[in-house]
Amino acid sequence: MNRTEKLCKYLDCCESFADVGCDHGYCTRYMLDNKLCKTAVISDISAKCLAKAEKLLFSYIKSGAVTSVCCNGLEKIDESIEEILIAGMGGEELVSILKAAYIPRAFVLQPMRNVRGVREFLLSRGAQLTVDEPFECGGKFYYVIKGKRDGIFRPYTQAELDFGQSLKSAETKAYIRAELEKKRLYLSRNLSEKARADIQKQADYIKGVLDGEIE
């Protein structure tokens, strides 16, 4: 199962769906083929990239089930859409998109970097995060943050800001273990005394989270 297939498992049944930065349009096809939504919007800032999704979803576009828009982020995506997916971009870019527009009613986000920054932004706006966990694919880990604009807000601990809300899950522990191994590899290098002390401190913190001593 590839990254897109795994990501699709986090999508819910809804009336209307939007895939922002849709790339090839596979997630939208999954939603429509499985009758998980009645209408969908696909968007991308690049007309060339959007054309790939339009080709894949031609029959749905022809029937009126899919609308295609070339735009930057959420600027042409109606706020009334029930569920919005934004995946495959950096956390800084993702936060920039949300800041410029709005927090979707329901969202599935898959930032490629700076996941902590995405968490911090959403929590600062009072969003309810219902899923915040990694999944492994092809030897790499990817985080999914799923939630709602309005709901029961729960503050995060420092460890949860770094590694998500499912600190005890097998997938999260595998990710934390991989991060600890990276720090240990750094420590095997020829480092300055200060650099070694900094990395050792980071490694001790990660091990504390892994062992359940830090929450």
# chains A, B, ... in the order shown; residues from 1 in each chain; ligands from 1
>>> residues_around(residues="Met31 (chain A)", least_positions_apart="5", cutoff="10 Å", atoms="only C-alpha atoms", output="PyMOL selection string")
chain A and resi 8+11-14+16-17+26+36-40
>>> residues_around(residues="Gly208 (chain A)", least_positions_apart="3", cutoff="12 Å", atoms="only C-alpha atoms", output="list in words")
Ala159, Leu167, Lys173, Ile176, Arg177, Leu180, Lys201, Gln202, Ala203, Asp204, Tyr205, Asp211, Gly212, Glu213, Ile214 and Glu215 of chain A
>>> select_by_dssp(residues="region 89-184 of chain A", states="strand (DSSP E or B)", output="NGL selection string")
:A and (89 or 106-111 or 128-137 or 140-148)
>>> write_last_selection(atoms="N, CA, C and O atoms", output="short mmCIF file (atom, residue, chain, number, x, y, z; two decimals), in the first residue's frame")
data_model
loop_
_atom_site.label_atom_id
_atom_site.label_comp_id
_atom_site.auth_asym_id
_atom_site.auth_seq_id
_atom_site.Cartn_x
_atom_site.Cartn_y
_atom_site.Cartn_z
N MET A 89 2.70 18.64 1.31
CA MET A 89 3.47 19.88 1.26
C MET A 89 4.07 20.15 2.63
O MET A 89 3.70 19.53 3.63
N ALA A 106 -13.97 20.39 8.60
CA ALA A 106 -13.31 19.13 8.93
C ALA A 106 -12.11 19.00 8.00
O ALA A 106 -12.21 19.35 6.82
N PHE A 107 -11.00 18.54 8.52
CA PHE A 107 -9.78 18.53 7.71
C PHE A 107 -8.97 17.27 7.94
O PHE A 107 -9.01 16.64 9.00
N VAL A 108 -8.23 16.89 6.90
CA VAL A 108 -7.21 15.86 6.97
C VAL A 108 -5.96 16.49 6.37
O VAL A 108 -5.95 16.86 5.19
N LEU A 109 -4.92 16.62 7.18
CA LEU A 109 -3.70 17.28 6.76
C LEU A 109 -2.54 16.29 6.82
O LEU A 109 -2.46 15.48 7.75
N GLN A 110 -1.66 16.35 5.82
CA GLN A 110 -0.49 15.48 5.82
C GLN A 110 0.73 16.30 5.46
O GLN A 110 1.18 16.32 4.31
N PRO A 111 1.27 17.02 6.47
CA PRO A 111 2.46 17.83 6.23
C PRO A 111 3.69 16.94 6.09
O PRO A 111 3.84 15.94 6.78
N GLN A 128 -10.10 21.14 17.15
CA GLN A 128 -10.13 19.83 17.79
C GLN A 128 -9.38 18.84 16.92
O GLN A 128 -9.76 18.60 15.77
N LEU A 129 -8.31 18.26 17.44
CA LEU A 129 -7.53 17.27 16.70
C LEU A 129 -7.98 15.89 17.15
O LEU A 129 -7.77 15.49 18.29
N THR A 130 -8.59 15.16 16.24
CA THR A 130 -9.13 13.84 16.58
C THR A 130 -8.15 12.71 16.27
O THR A 130 -8.19 11.66 16.90
N VAL A 131 -7.29 12.92 15.30
CA VAL A 131 -6.24 11.96 14.95
C VAL A 131 -4.95 12.73 14.71
O VAL A 131 -4.96 13.75 14.02
N ASP A 132 -3.89 12.27 15.31
CA ASP A 132 -2.58 12.90 15.12
C ASP A 132 -1.54 11.81 15.33
O ASP A 132 -1.09 11.57 16.44
N GLU A 133 -1.18 11.14 14.23
CA GLU A 133 -0.32 9.96 14.35
C GLU A 133 0.47 9.74 13.06
O GLU A 133 0.08 10.20 11.99
N PRO A 134 1.58 9.01 13.17
CA PRO A 134 2.36 8.69 11.98
C PRO A 134 1.93 7.37 11.36
O PRO A 134 1.32 6.53 12.02
N PHE A 135 2.22 7.22 10.08
CA PHE A 135 2.11 5.90 9.46
C PHE A 135 3.39 5.69 8.65
O PHE A 135 4.00 6.64 8.17
N GLU A 136 3.78 4.43 8.53
CA GLU A 136 5.02 4.09 7.84
C GLU A 136 4.73 3.61 6.43
O GLU A 136 3.79 2.85 6.19
N CYS A 137 5.53 4.06 5.49
CA CYS A 137 5.35 3.63 4.11
C CYS A 137 6.70 3.70 3.40
O CYS A 137 7.34 4.76 3.39
N LYS A 140 9.65 5.12 5.30
CA LYS A 140 9.55 6.50 5.78
C LYS A 140 8.29 6.67 6.61
O LYS A 140 7.32 5.93 6.45
N PHE A 141 8.30 7.67 7.49
CA PHE A 141 7.13 7.96 8.31
C PHE A 141 6.48 9.25 7.84
O PHE A 141 7.16 10.22 7.51
N TYR A 142 5.15 9.26 7.83
CA TYR A 142 4.37 10.43 7.46
C TYR A 142 3.32 10.65 8.54
O TYR A 142 2.70 9.70 9.02
N TYR A 143 3.10 11.91 8.90
CA TYR A 143 2.11 12.22 9.91
C TYR A 143 0.78 12.65 9.28
O TYR A 143 0.76 13.37 8.27
N VAL A 144 -0.30 12.22 9.89
CA VAL A 144 -1.65 12.66 9.53
C VAL A 144 -2.24 13.39 10.72
O VAL A 144 -2.21 12.88 11.85
N ILE A 145 -2.74 14.58 10.46
CA ILE A 145 -3.46 15.34 11.48
C ILE A 145 -4.88 15.54 10.97
O ILE A 145 -5.10 16.16 9.93
N LYS A 146 -5.81 15.01 11.71
CA LYS A 146 -7.22 15.05 11.32
C LYS A 146 -8.01 15.72 12.42
O LYS A 146 -7.74 15.53 13.61
N GLY A 147 -8.98 16.53 12.04
CA GLY A 147 -9.75 17.19 13.08
C GLY A 147 -10.87 18.06 12.55
O GLY A 147 -11.28 17.96 11.39
N LYS A 148 -11.36 18.93 13.45
CA LYS A 148 -12.48 19.82 13.14
C LYS A 148 -12.15 21.23 13.60
O LYS A 148 -11.41 21.42 14.57
#
>>> residues_around(residues="Ser59 (chain A)", least_positions_apart="6", cutoff="12 Å", atoms="only C-alpha atoms", output="compact mmCIF listing (two decimals) with N, CA, C and O atoms, in the first residue's frame")
# COMPACT_ATOMS: atom_id res chain seq x y z
N ARG A 29 -10.58 10.48 -6.55
CA ARG A 29 -11.15 9.29 -7.21
C ARG A 29 -11.54 8.24 -6.17
O ARG A 29 -12.60 7.61 -6.30
N LEU A 32 -14.89 9.27 -4.61
CA LEU A 32 -16.03 9.13 -5.53
C LEU A 32 -16.29 7.67 -5.89
O LEU A 32 -17.45 7.23 -5.92
N ASP A 33 -15.24 6.92 -6.17
CA ASP A 33 -15.41 5.50 -6.52
C ASP A 33 -16.06 4.72 -5.39
O ASP A 33 -16.81 3.76 -5.64
N ALA A 53 -4.95 15.59 -12.83
CA ALA A 53 -6.14 15.17 -12.09
C ALA A 53 -7.39 15.27 -12.95
O ALA A 53 -8.28 14.42 -12.88
N ALA A 65 -19.96 16.04 -11.09
CA ALA A 65 -19.65 15.66 -9.71
C ALA A 65 -18.37 16.33 -9.20
O ALA A 65 -18.19 16.51 -8.00
N VAL A 66 -17.47 16.66 -10.13
CA VAL A 66 -16.18 17.27 -9.76
C VAL A 66 -16.03 18.63 -10.42
O VAL A 66 -16.30 18.79 -11.61
N THR A 67 -15.59 19.59 -9.62
CA THR A 67 -15.25 20.92 -10.11
C THR A 67 -13.75 21.11 -9.98
O THR A 67 -13.17 20.78 -8.94
>>> residues_around(residues="Gly117 (chain A)", least_positions_apart="2", cutoff="9 Å", atoms="only C-alpha atoms", output="JSON, numbers by chain")
{"A": [91, 92, 95, 113, 114, 115, 119, 120, 121, 122, 161]}
>>> write_last_selection(atoms="N, CA and C atoms", output="compact mmCIF listing (two decimals), in the first residue's frame")
# COMPACT_ATOMS: atom_id res chain seq x y z
N GLY A 91 5.04 21.87 6.22
CA GLY A 91 4.19 22.41 7.27
C GLY A 91 4.08 23.92 7.22
N GLU A 92 5.19 24.59 6.88
CA GLU A 92 5.16 26.06 6.80
C GLU A 92 4.20 26.52 5.71
N VAL A 95 0.54 25.87 6.87
CA VAL A 95 0.08 26.88 7.84
C VAL A 95 -0.19 28.20 7.13
N ARG A 113 6.88 18.18 6.42
CA ARG A 113 7.91 18.67 7.34
C ARG A 113 7.25 19.59 8.35
N ASN A 114 7.99 19.89 9.44
CA ASN A 114 7.53 20.84 10.46
C ASN A 114 6.11 20.53 10.92
N VAL A 115 5.89 19.30 11.32
CA VAL A 115 4.56 18.89 11.79
C VAL A 115 4.21 19.61 13.08
N ARG A 119 0.68 21.60 14.24
CA ARG A 119 -0.05 21.34 15.49
C ARG A 119 -0.23 22.63 16.29
N GLU A 120 0.86 23.35 16.45
CA GLU A 120 0.83 24.57 17.25
C GLU A 120 -0.16 25.58 16.68
N PHE A 121 -0.18 25.71 15.36
CA PHE A 121 -1.10 26.66 14.74
C PHE A 121 -2.55 26.24 14.97
N LEU A 122 -2.86 24.98 14.69
CA LEU A 122 -4.24 24.51 14.85
C LEU A 122 -4.72 24.64 16.29
N LEU A 161 3.30 17.76 21.29
CA LEU A 161 3.60 18.74 20.25
C LEU A 161 4.69 18.22 19.30
>>> atom_distance(atom1="CA of Val20 (chain A)", atom2="CA of Leu56 (chain A)")
15.8 Å
>>> select_by_dssp(residues="region 73-169 of chain A", states="helix (DSSP H, G or I)", output="compact mmCIF listing (two decimals) with N, CA, C and O atoms, in the first residue's frame")
# COMPACT_ATOMS: atom_id res chain seq x y z
N GLY A 91 5.04 21.87 6.22
CA GLY A 91 4.19 22.41 7.27
C GLY A 91 4.08 23.92 7.22
O GLY A 91 3.01 24.49 7.47
N GLU A 92 5.19 24.59 6.88
CA GLU A 92 5.16 26.06 6.80
C GLU A 92 4.20 26.52 5.71
O GLU A 92 3.41 27.46 5.91
N GLU A 93 4.23 25.85 4.56
CA GLU A 93 3.33 26.20 3.47
C GLU A 93 1.88 25.93 3.84
O GLU A 93 0.98 26.72 3.54
N LEU A 94 1.67 24.80 4.52
CA LEU A 94 0.32 24.43 4.93
C LEU A 94 -0.26 25.47 5.90
O LEU A 94 -1.40 25.91 5.75
N VAL A 95 0.54 25.87 6.87
CA VAL A 95 0.08 26.88 7.84
C VAL A 95 -0.19 28.20 7.13
O VAL A 95 -1.17 28.90 7.43
N SER A 96 0.65 28.55 6.17
CA SER A 96 0.46 29.79 5.41
C SER A 96 -0.88 29.79 4.68
O SER A 96 -1.58 30.80 4.63
N ILE A 97 -1.23 28.64 4.11
CA ILE A 97 -2.51 28.50 3.41
C ILE A 97 -3.68 28.71 4.38
O ILE A 97 -4.63 29.44 4.08
N LEU A 98 -3.61 28.09 5.54
CA LEU A 98 -4.69 28.21 6.53
C LEU A 98 -4.79 29.63 7.08
O LEU A 98 -5.88 30.15 7.27
N LYS A 99 -3.66 30.25 7.33
CA LYS A 99 -3.65 31.62 7.84
C LYS A 99 -4.28 32.59 6.85
O LYS A 99 -4.98 33.53 7.24
N ALA A 100 -4.03 32.37 5.57
CA ALA A 100 -4.53 33.26 4.53
C ALA A 100 -6.03 33.09 4.28
O ALA A 100 -6.65 33.96 3.65
N VAL A 115 5.89 19.30 11.32
CA VAL A 115 4.56 18.89 11.79
C VAL A 115 4.21 19.61 13.08
O VAL A 115 3.05 19.99 13.31
N ARG A 116 5.21 19.84 13.92
CA ARG A 116 4.95 20.54 15.18
C ARG A 116 4.35 21.92 14.91
O ARG A 116 3.42 22.34 15.60
N GLY A 117 4.86 22.62 13.91
CA GLY A 117 4.34 23.95 13.59
C GLY A 117 2.88 23.91 13.20
O GLY A 117 2.11 24.83 13.53
N VAL A 118 2.46 22.86 12.50
CA VAL A 118 1.06 22.69 12.11
C VAL A 118 0.21 22.46 13.36
O VAL A 118 -0.87 23.06 13.52
N ARG A 119 0.68 21.60 14.24
CA ARG A 119 -0.05 21.34 15.49
C ARG A 119 -0.23 22.63 16.29
O ARG A 119 -1.32 22.94 16.76
N GLU A 120 0.86 23.35 16.45
CA GLU A 120 0.83 24.57 17.25
C GLU A 120 -0.16 25.58 16.68
O GLU A 120 -0.91 26.22 17.43
N PHE A 121 -0.18 25.71 15.36
CA PHE A 121 -1.10 26.66 14.74
C PHE A 121 -2.55 26.24 14.97
O PHE A 121 -3.38 27.06 15.37
N LEU A 122 -2.86 24.98 14.69
CA LEU A 122 -4.24 24.51 14.85
C LEU A 122 -4.72 24.64 16.29
O LEU A 122 -5.85 25.09 16.55
N LEU A 123 -3.86 24.27 17.23
CA LEU A 123 -4.23 24.37 18.63
C LEU A 123 -4.41 25.82 19.07
O LEU A 123 -5.27 26.13 19.89
N SER A 124 -3.60 26.70 18.51
CA SER A 124 -3.71 28.13 18.85
C SER A 124 -5.04 28.70 18.37
O SER A 124 -5.50 29.73 18.90
N GLN A 158 4.27 18.97 25.84
CA GLN A 158 5.42 19.22 24.96
C GLN A 158 5.75 18.00 24.10
O GLN A 158 6.07 18.12 22.93
N ALA A 159 5.68 16.81 24.70
CA ALA A 159 5.97 15.59 23.94
C ALA A 159 4.94 15.38 22.84
O ALA A 159 5.28 14.95 21.72
N GLU A 160 3.68 15.70 23.12
CA GLU A 160 2.64 15.56 22.10
C GLU A 160 2.83 16.57 20.97
O GLU A 160 2.54 16.26 19.81
N LEU A 161 3.30 17.76 21.29
CA LEU A 161 3.60 18.74 20.25
C LEU A 161 4.69 18.22 19.30
O LEU A 161 4.67 18.49 18.10
N ASP A 162 5.62 17.46 19.85
CA ASP A 162 6.72 16.92 19.05
C ASP A 162 6.34 15.65 18.29
O ASP A 162 6.78 15.44 17.16
N PHE A 163 5.53 14.79 18.92
CA PHE A 163 5.30 13.46 18.36
C PHE A 163 3.84 13.07 18.18
O PHE A 163 3.55 11.93 17.79
>>> residues_around(residues="Ile45 (chain A)", least_positions_apart="3", cutoff="10 Å", atoms="only C-alpha atoms", output="ChimeraX atom specification")
/A:20-23,48-50,69-73
